[in-house]
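Worksheet for the structure shown next.
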Amino acid sequence: MDIFVQQVVSGLATGGIYGSLALALVMIYQATDVVNYAQGEMAMFSTYLAWTLINAGLPYWVAFAATLAIAFVGGLAIERVVIRPVENAPVLTIVIVCIGLLVILNSVAGWVYSYIQKPFPSPFPEKPIRIGNVFFGAHDLGALGVTLVVLLSLYVFFRYTTLGLAMRAAAQNPVSSRLCGIRVGWMLAVGWGLAALVGAVAGMMVAPVVFLDPNMMGGILIYAFASATLGGFTSPGGAVLGGLIVGVIENLVGTYVRFIGTELKLTVALAVILVVLIVKPSGLFGRAAVHRV
Amino acid sequence: MALLEVAGLEAQYGWTKVLHGLSFAVDVGGITTILGANGAGKTTTLRAVCGMVKTAGEVRFDGHRIAGRATEDIVRLGIAHVPEGRGTFMQLTVEENLRLGAYARASRGTLAGDLRRVFEYFPVLGDRQRQIAGSLSGGEQQMLAVARALMLRPRLLLLDEPSLGLAPLVVREIFRIVRTINREERVGVLLVEQNAAMALDLADHAYLLETGRVVMSGPAETLRKDDAIRRSYLGY
């Protein structure tokens, strides 16, 4: 039972990270109908920047905040410079641009920082925290906490601020939004910025576990896809919940199903995608897409 | 004095030209209606004023050239457009829809007061403030669209077929409110309608459009008495 609780909590911690990245994917997908395949690499690159800042001697949380700011501006700039010119192009074109972005960010990171794994510090103590008879990793609990704070802030932003409302409006009905005087293009750019920010948090929280290297987000992006598919690509809350579920399933299956262990864990994510697409393609909380023809 | 002055307006979708040099005006505090059959170019005319289609020609609002400017900037000058199909934000609440209407306004301080004001015009929206807009009936959504436009505190209101698909009683109610707004707040109105009888009742000036050209214009009174108009558009 103790092992079970422990595995569930640590599953929630990684699940929060999958959920964050899934949320970043969903935010952009809802606004533009495009899946940003470069989301993981953007997060990886942000994490490298955080590593640079920490190595330059900045205290962890200062570097953390600075990285969020840089990620936001970077995401905004990528939308304006790279995505904007192909905004009205067919979806396939934008997908290819995103994949190109993925390759470029990955190569630049490898070129600047090399492909050798680097340790990335955790802001939380190494000593496990004991609650009752169960030991929990302090980083697991901390990461879960940080993720929840970020998600809650985003919720408050979208729900209660005028800018958040305008962004939701722009994603739902661009034509009507323009007639309300909303600068739809800028709303998309801010969306990219926020998605990059959420991704940066995910990167910094996962890096102490998986170590820092240019390919560190590859597997995590697949989990994020599984999470978004499970929760529904049209539901931000669903994507986060999907992430938590995928994280827990992954951990439990890895622990209790002998032949899967750690080597076959990633297969679990793909199995989740497959099952959801067969059983309920719109995901747990998503709406089925309706197109007028 | 003219609030909106349009001269030689042309508009096209892709290669197809749909407006061939329209000229018309809306007076300060006046109501102008544009009548015409399906496909005459009425909706396009409103869209052209708002910079939503590719246009050529002169559009002046309050003396300033606005042709060629971005829709968002034109809205900021105080032109509120109630679009064809109502443009409701279906998944947002009634109140959120209204708050979006006030988005481009310079002063946001008096939001609560403005909400109260539109709820006085449309009490049913006040009752449904927290409801998702997609759950409103057609008539309520049309009221919401007009209310959303009013939240901008516009100087010019563009109305695209507000009567479409609504029960006669609801249409009368909406027209009554438009008249009140026009009189009490001196908001200019440019109304596009297929329901010629009601439109001519409301308007002081009217233009008749046929395949992208103005074929007749004058005081609404005159057009109403015209035999050809009566037979083709008023049906008696």
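Simple scheme: letters A, B, ... for chains in structure tokens order, numbers from 1 for residues in each chain, numbers from 1 for ligands in the order shown.
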Compile the residues of chain A that lie within 9 Å of chain B, evaluated using only C-alpha atoms, and express the compilation as a CSV table (one decimal) with N, CA and C atoms, in the first residue's frame.
chain,number,residue,atom,x,y,z
A,162,THR,N,-9.2,41.0,-18.4
A,162,THR,CA,-9.8,41.5,-19.6
A,162,THR,C,-8.9,40.9,-20.8
A,165,LEU,N,-9.8,37.3,-21.2
A,165,LEU,CA,-11.1,37.2,-21.9
A,165,LEU,C,-10.9,37.4,-23.4
A,166,ALA,N,-10.2,38.5,-23.8
A,166,ALA,CA,-9.9,38.8,-25.2
A,166,ALA,C,-9.2,37.7,-25.9
A,168,ARG,N,-9.4,34.4,-25.1
A,168,ARG,CA,-10.4,33.4,-25.3
A,168,ARG,C,-11.3,33.7,-26.5
A,169,ALA,N,-11.7,35.0,-26.5
A,169,ALA,CA,-12.6,35.4,-27.6
A,169,ALA,C,-11.9,35.3,-29.0
A,172,GLN,N,-11.9,31.8,-30.1
A,172,GLN,CA,-13.2,31.2,-30.5
A,172,GLN,C,-13.8,31.8,-31.8
A,173,ASN,N,-13.7,33.1,-31.9
A,173,ASN,CA,-14.4,33.8,-33.0
A,173,ASN,C,-13.6,35.0,-33.4
A,175,VAL,N,-13.4,36.7,-36.2
A,175,VAL,CA,-14.1,37.8,-36.9
A,175,VAL,C,-14.8,38.7,-36.0
A,176,SER,N,-15.6,38.1,-35.1
A,176,SER,CA,-16.3,38.9,-34.1
A,176,SER,C,-15.3,39.7,-33.2
A,177,SER,N,-14.2,39.0,-32.9
A,177,SER,CA,-13.2,39.7,-32.0
A,177,SER,C,-12.7,40.9,-32.6
A,178,ARG,N,-12.4,40.9,-33.9
A,178,ARG,CA,-11.9,42.1,-34.6
A,178,ARG,C,-13.0,43.2,-34.5
A,179,LEU,N,-14.2,42.8,-34.6
A,179,LEU,CA,-15.3,43.8,-34.6
A,179,LEU,C,-15.4,44.4,-33.2
A,180,CYS,N,-14.9,43.7,-32.2
A,180,CYS,CA,-14.8,44.3,-30.8
A,180,CYS,C,-13.6,45.1,-30.6
A,181,GLY,N,-12.7,45.2,-31.6
A,181,GLY,CA,-11.5,45.9,-31.5
A,181,GLY,C,-10.3,45.2,-31.0
A,182,ILE,N,-10.5,43.8,-30.9
A,182,ILE,CA,-9.4,43.0,-30.4
A,182,ILE,C,-8.3,42.8,-31.5
A,183,ARG,N,-7.1,43.0,-31.2
A,183,ARG,CA,-6.0,42.7,-32.1
A,183,ARG,C,-5.7,41.2,-32.1
A,184,VAL,N,-6.4,40.5,-33.0
A,184,VAL,CA,-6.4,39.0,-32.9
A,184,VAL,C,-4.9,38.5,-33.1
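Non-sequential neighbours of Thr67 of chain A (distance at most 9 Å, separation of 6 or more positions within a chain, only C-alpha atoms) are A:Ser46, A:Thr47, A:Leu49, A:Ala50, A:Leu53, A:Leu197, A:Ala200, A:Val201.
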Next on the checklist: Excluding segment 36-47 of chain B and its own-chain neighbours fewer than 6 positions away, which residues fall within 6 Å of it when counting only C-alpha atoms? Please give them as a count of residues only.
Outcome noted: 5
Next on the checklist: Which residues are near Leu4 of chain B? Cut-off 6 Å, only C-alpha atoms, ignore same chain within fewer than 4 positions. Put them as a ChimeraX atom specification.
Outcome noted: /B:25-26,60-61
Would you save the residues of that selection, restricted to N, CA and C atoms, as a short mmCIF file (atom, residue, chain, number, x, y, z; two decimals), in the first residue's frame?
data_model
loop_
_atom_site.label_atom_id
_atom_site.label_comp_id
_atom_site.auth_asym_id
_atom_site.auth_seq_id
_atom_site.Cartn_x
_atom_site.Cartn_y
_atom_site.Cartn_z
N ALA B 25 -24.52 58.38 -47.49
CA ALA B 25 -24.09 59.07 -46.28
C ALA B 25 -25.04 58.76 -45.11
N VAL B 26 -24.49 58.90 -43.90
CA VAL B 26 -25.32 58.83 -42.70
C VAL B 26 -25.10 60.15 -41.96
N ARG B 60 -15.29 58.25 -45.37
CA ARG B 60 -14.92 59.23 -44.34
C ARG B 60 -15.83 59.11 -43.15
N PHE B 61 -15.22 59.03 -41.98
CA PHE B 61 -15.99 59.00 -40.75
C PHE B 61 -15.62 60.25 -39.96
#
Checklist entry - as a ChimeraX atom specification, which residues of segment 51-236 of chain B does DSSP assign to strand (DSSP E or B)? => result /B:54-61,64-65,79-82,93,132,156-160,188-193,205-210,213-219
Emit the selected residues as a compact mmCIF listing (two decimals), in the first residue's frame, including N, CA and C atoms.
# COMPACT_ATOMS: atom_id res chain seq x y z
N LYS B 54 -11.65 43.81 -49.21
CA LYS B 54 -10.76 44.65 -50.00
C LYS B 54 -11.61 45.70 -50.71
N THR B 55 -11.27 46.96 -50.49
CA THR B 55 -12.11 48.00 -51.07
C THR B 55 -11.28 49.04 -51.82
N ALA B 56 -11.99 49.81 -52.63
CA ALA B 56 -11.42 51.02 -53.21
C ALA B 56 -12.47 52.10 -53.07
N GLY B 57 -12.05 53.35 -53.10
CA GLY B 57 -13.01 54.44 -52.95
C GLY B 57 -12.81 55.16 -51.63
N GLU B 58 -13.69 56.12 -51.42
CA GLU B 58 -13.52 57.01 -50.27
C GLU B 58 -14.51 56.67 -49.17
N VAL B 59 -14.02 56.46 -47.94
CA VAL B 59 -14.90 56.33 -46.79
C VAL B 59 -14.43 57.31 -45.74
N ARG B 60 -15.29 58.25 -45.37
CA ARG B 60 -14.92 59.23 -44.34
C ARG B 60 -15.83 59.11 -43.15
N PHE B 61 -15.22 59.03 -41.98
CA PHE B 61 -15.99 59.00 -40.75
C PHE B 61 -15.62 60.25 -39.96
N HIS B 64 -12.64 62.09 -41.23
CA HIS B 64 -11.35 61.42 -41.40
C HIS B 64 -11.47 60.24 -42.36
N ARG B 65 -10.45 60.07 -43.19
CA ARG B 65 -10.44 58.92 -44.11
C ARG B 65 -10.23 57.63 -43.30
N ILE B 79 -17.17 52.95 -34.26
CA ILE B 79 -18.11 52.33 -35.20
C ILE B 79 -18.37 50.91 -34.73
N ALA B 80 -19.60 50.64 -34.31
CA ALA B 80 -19.94 49.29 -33.83
C ALA B 80 -20.74 48.57 -34.91
N HIS B 81 -20.32 47.36 -35.21
CA HIS B 81 -20.91 46.59 -36.30
C HIS B 81 -21.63 45.37 -35.72
N VAL B 82 -22.93 45.29 -35.92
CA VAL B 82 -23.67 44.10 -35.53
C VAL B 82 -23.74 43.22 -36.77
N THR B 93 -20.10 33.64 -21.49
CA THR B 93 -21.37 34.03 -20.87
C THR B 93 -21.87 35.34 -21.49
N ILE B 132 -24.50 30.85 -20.58
CA ILE B 132 -23.65 30.75 -21.77
C ILE B 132 -24.45 31.28 -22.96
N LEU B 156 -21.55 55.48 -34.34
CA LEU B 156 -22.24 54.94 -35.51
C LEU B 156 -22.48 53.45 -35.30
N LEU B 157 -23.71 53.04 -35.55
CA LEU B 157 -24.09 51.65 -35.36
C LEU B 157 -24.41 51.06 -36.74
N LEU B 158 -23.69 49.97 -37.10
CA LEU B 158 -24.00 49.30 -38.35
C LEU B 158 -24.80 48.04 -38.04
N LEU B 159 -26.00 47.95 -38.59
CA LEU B 159 -26.87 46.81 -38.29
C LEU B 159 -27.10 46.00 -39.55
N ASP B 160 -26.72 44.73 -39.51
CA ASP B 160 -26.88 43.87 -40.67
C ASP B 160 -28.08 42.94 -40.48
N GLY B 188 -25.67 57.55 -34.74
CA GLY B 188 -26.04 57.37 -36.13
C GLY B 188 -26.23 55.89 -36.43
N VAL B 189 -27.16 55.57 -37.33
CA VAL B 189 -27.42 54.16 -37.63
C VAL B 189 -27.38 53.94 -39.13
N LEU B 190 -26.66 52.88 -39.53
CA LEU B 190 -26.70 52.45 -40.93
C LEU B 190 -27.29 51.05 -40.91
N LEU B 191 -28.52 50.93 -41.45
CA LEU B 191 -29.29 49.70 -41.32
C LEU B 191 -29.42 49.03 -42.67
N VAL B 192 -29.06 47.76 -42.71
CA VAL B 192 -29.25 46.97 -43.92
C VAL B 192 -30.40 46.03 -43.65
N GLU B 193 -31.39 45.99 -44.52
CA GLU B 193 -32.59 45.20 -44.23
C GLU B 193 -33.23 44.63 -45.48
N HIS B 205 -33.28 58.34 -44.25
CA HIS B 205 -32.76 58.28 -45.61
C HIS B 205 -32.69 56.84 -46.08
N ALA B 206 -32.91 56.62 -47.37
CA ALA B 206 -32.86 55.25 -47.87
C ALA B 206 -32.16 55.18 -49.21
N TYR B 207 -31.48 54.07 -49.41
CA TYR B 207 -30.82 53.79 -50.68
C TYR B 207 -31.27 52.42 -51.13
N LEU B 208 -31.51 52.28 -52.43
CA LEU B 208 -31.89 50.98 -52.95
C LEU B 208 -30.73 50.44 -53.79
N LEU B 209 -30.32 49.23 -53.43
CA LEU B 209 -29.16 48.62 -54.08
C LEU B 209 -29.61 47.52 -55.03
N GLU B 210 -29.02 47.50 -56.23
CA GLU B 210 -29.23 46.37 -57.13
C GLU B 210 -27.90 45.98 -57.72
N ARG B 213 -25.01 48.39 -57.18
CA ARG B 213 -25.12 49.80 -57.58
C ARG B 213 -26.33 50.43 -56.90
N VAL B 214 -26.22 51.72 -56.58
CA VAL B 214 -27.38 52.43 -56.04
C VAL B 214 -28.29 52.77 -57.21
N VAL B 215 -29.53 52.27 -57.17
CA VAL B 215 -30.44 52.57 -58.29
C VAL B 215 -31.47 53.61 -57.90
N MET B 216 -31.59 53.89 -56.61
CA MET B 216 -32.54 54.92 -56.19
C MET B 216 -32.16 55.37 -54.79
N SER B 217 -32.34 56.65 -54.52
CA SER B 217 -32.06 57.11 -53.15
C SER B 217 -32.88 58.35 -52.86
N GLY B 218 -33.01 58.64 -51.58
CA GLY B 218 -33.77 59.82 -51.20
C GLY B 218 -34.29 59.68 -49.78
N PRO B 219 -35.11 60.64 -49.34
CA PRO B 219 -35.71 60.53 -48.02
C PRO B 219 -36.57 59.26 -47.95
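For the set B:Leu35, B:Leu166, B:Leu234, B:Ala48, the residue with the smallest atom-to-atom gap to Ala197 of chain B is B:Leu234, counting only C-alpha atoms.
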Next on the checklist: Could you list, as number ranges by chain, every residue within 9 Å of Tyr13 of chain B, counting only C-alpha atoms and ignoring same-chain residues fewer than 4 positions away?
Outcome noted: B: 17-18, 53-54
Tell me which protein, DNA and RNA residues are within 10 Å of Leu23 of chain A, counting only C-alpha atoms, leaving out same-chain ones fewer than 2 positions away, and put them as an mmCIF file with C-alpha atoms, in the first residue's frame.
data_model
loop_
_atom_site.group_PDB
_atom_site.id
_atom_site.type_symbol
_atom_site.label_atom_id
_atom_site.label_comp_id
_atom_site.auth_asym_id
_atom_site.auth_seq_id
_atom_site.Cartn_x
_atom_site.Cartn_y
_atom_site.Cartn_z
ATOM 1 C CA ILE A 17 4.722 18.117 -16.037
ATOM 2 C CA TYR A 18 3.070 16.192 -18.886
ATOM 3 C CA GLY A 19 -0.106 18.119 -18.181
ATOM 4 C CA SER A 20 1.676 21.480 -18.351
ATOM 5 C CA LEU A 21 3.202 20.663 -21.698
ATOM 6 C CA LEU A 25 -0.090 22.339 -26.869
ATOM 7 C CA VAL A 26 -3.818 22.784 -26.317
ATOM 8 C CA MET A 27 -3.551 26.562 -25.866
ATOM 9 C CA ILE A 28 -1.959 26.940 -29.272
ATOM 10 C CA TYR A 29 -4.140 24.291 -30.881
ATOM 11 C CA LEU A 151 -1.898 26.273 -13.682
ATOM 12 C CA ALA A 195 2.563 28.422 -23.917
ATOM 13 C CA VAL A 198 4.274 27.002 -19.243
ATOM 14 C CA GLY A 199 6.651 24.775 -21.221
ATOM 15 C CA ALA A 224 2.072 15.373 -23.484
ATOM 16 C CA PHE A 225 0.413 14.282 -26.727
ATOM 17 C CA SER A 227 -2.309 13.625 -22.136
ATOM 18 C CA ALA A 228 -3.874 16.109 -24.531
ATOM 19 C CA GLY A 231 -8.196 14.925 -21.934
ATOM 20 C CA PHE A 233 -7.423 18.665 -27.519
ATOM 21 C CA SER A 235 -10.182 21.228 -23.308
ATOM 22 C CA PRO A 236 -7.380 22.968 -21.363
ATOM 23 C CA GLY A 237 -8.562 21.527 -18.050
ATOM 24 C CA GLY A 238 -8.898 18.118 -19.655
ATOM 25 C CA ALA A 239 -5.321 18.259 -20.931
ATOM 26 C CA VAL A 240 -4.002 18.896 -17.420
ATOM 27 C CA LEU A 241 -6.142 16.144 -15.931
ATOM 28 C CA GLY A 242 -5.100 13.869 -18.797
ATOM 29 C CA GLY A 243 -1.480 14.574 -17.881
#
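Minimum atom-to-atom distances from B:Met1, B:Ala196, B:Val94, B:Leu223 to Ser135 of chain B were compared using only C-alpha atoms, and the lowest value belongs to B:Val94.
Counting from atom CA of Glu221 of chain B, the distance to atom CA of Pro162 of chain B is 21.3 Å.
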Checklist entry - Do you know which residues are at most 12 Å from Pro123 of chain B counting only C-alpha atoms, after dropping those on the same chain fewer than 5 positions away, and could you put them as number ranges by chain? => result B: 115-118, 128-129, 140, 143-144, 147, 173, 177
Give me a file of those residues, with C-alpha atoms, as a PDB file, in the first residue's frame.
ATOM      1  CA  LEU B 115     -23.958  47.018 -18.166  1.00  0.00           C
ATOM      2  CA  ARG B 116     -26.829  48.442 -16.160  1.00  0.00           C
ATOM      3  CA  ARG B 117     -27.761  50.674 -19.073  1.00  0.00           C
ATOM      4  CA  VAL B 118     -27.947  47.840 -21.626  1.00  0.00           C
ATOM      5  CA  ARG B 128     -29.396  35.708 -18.180  1.00  0.00           C
ATOM      6  CA  GLN B 129     -26.155  37.469 -17.342  1.00  0.00           C
ATOM      7  CA  GLU B 140     -32.046  36.990 -27.420  1.00  0.00           C
ATOM      8  CA  MET B 143     -30.481  41.552 -28.580  1.00  0.00           C
ATOM      9  CA  LEU B 144     -27.114  40.501 -27.200  1.00  0.00           C
ATOM     10  CA  ALA B 147     -26.228  45.280 -26.623  1.00  0.00           C
ATOM     11  CA  GLU B 173     -38.928  45.339 -29.987  1.00  0.00           C
ATOM     12  CA  ILE B 177     -34.839  50.084 -29.003  1.00  0.00           C
TER      13      ILE B 177
END
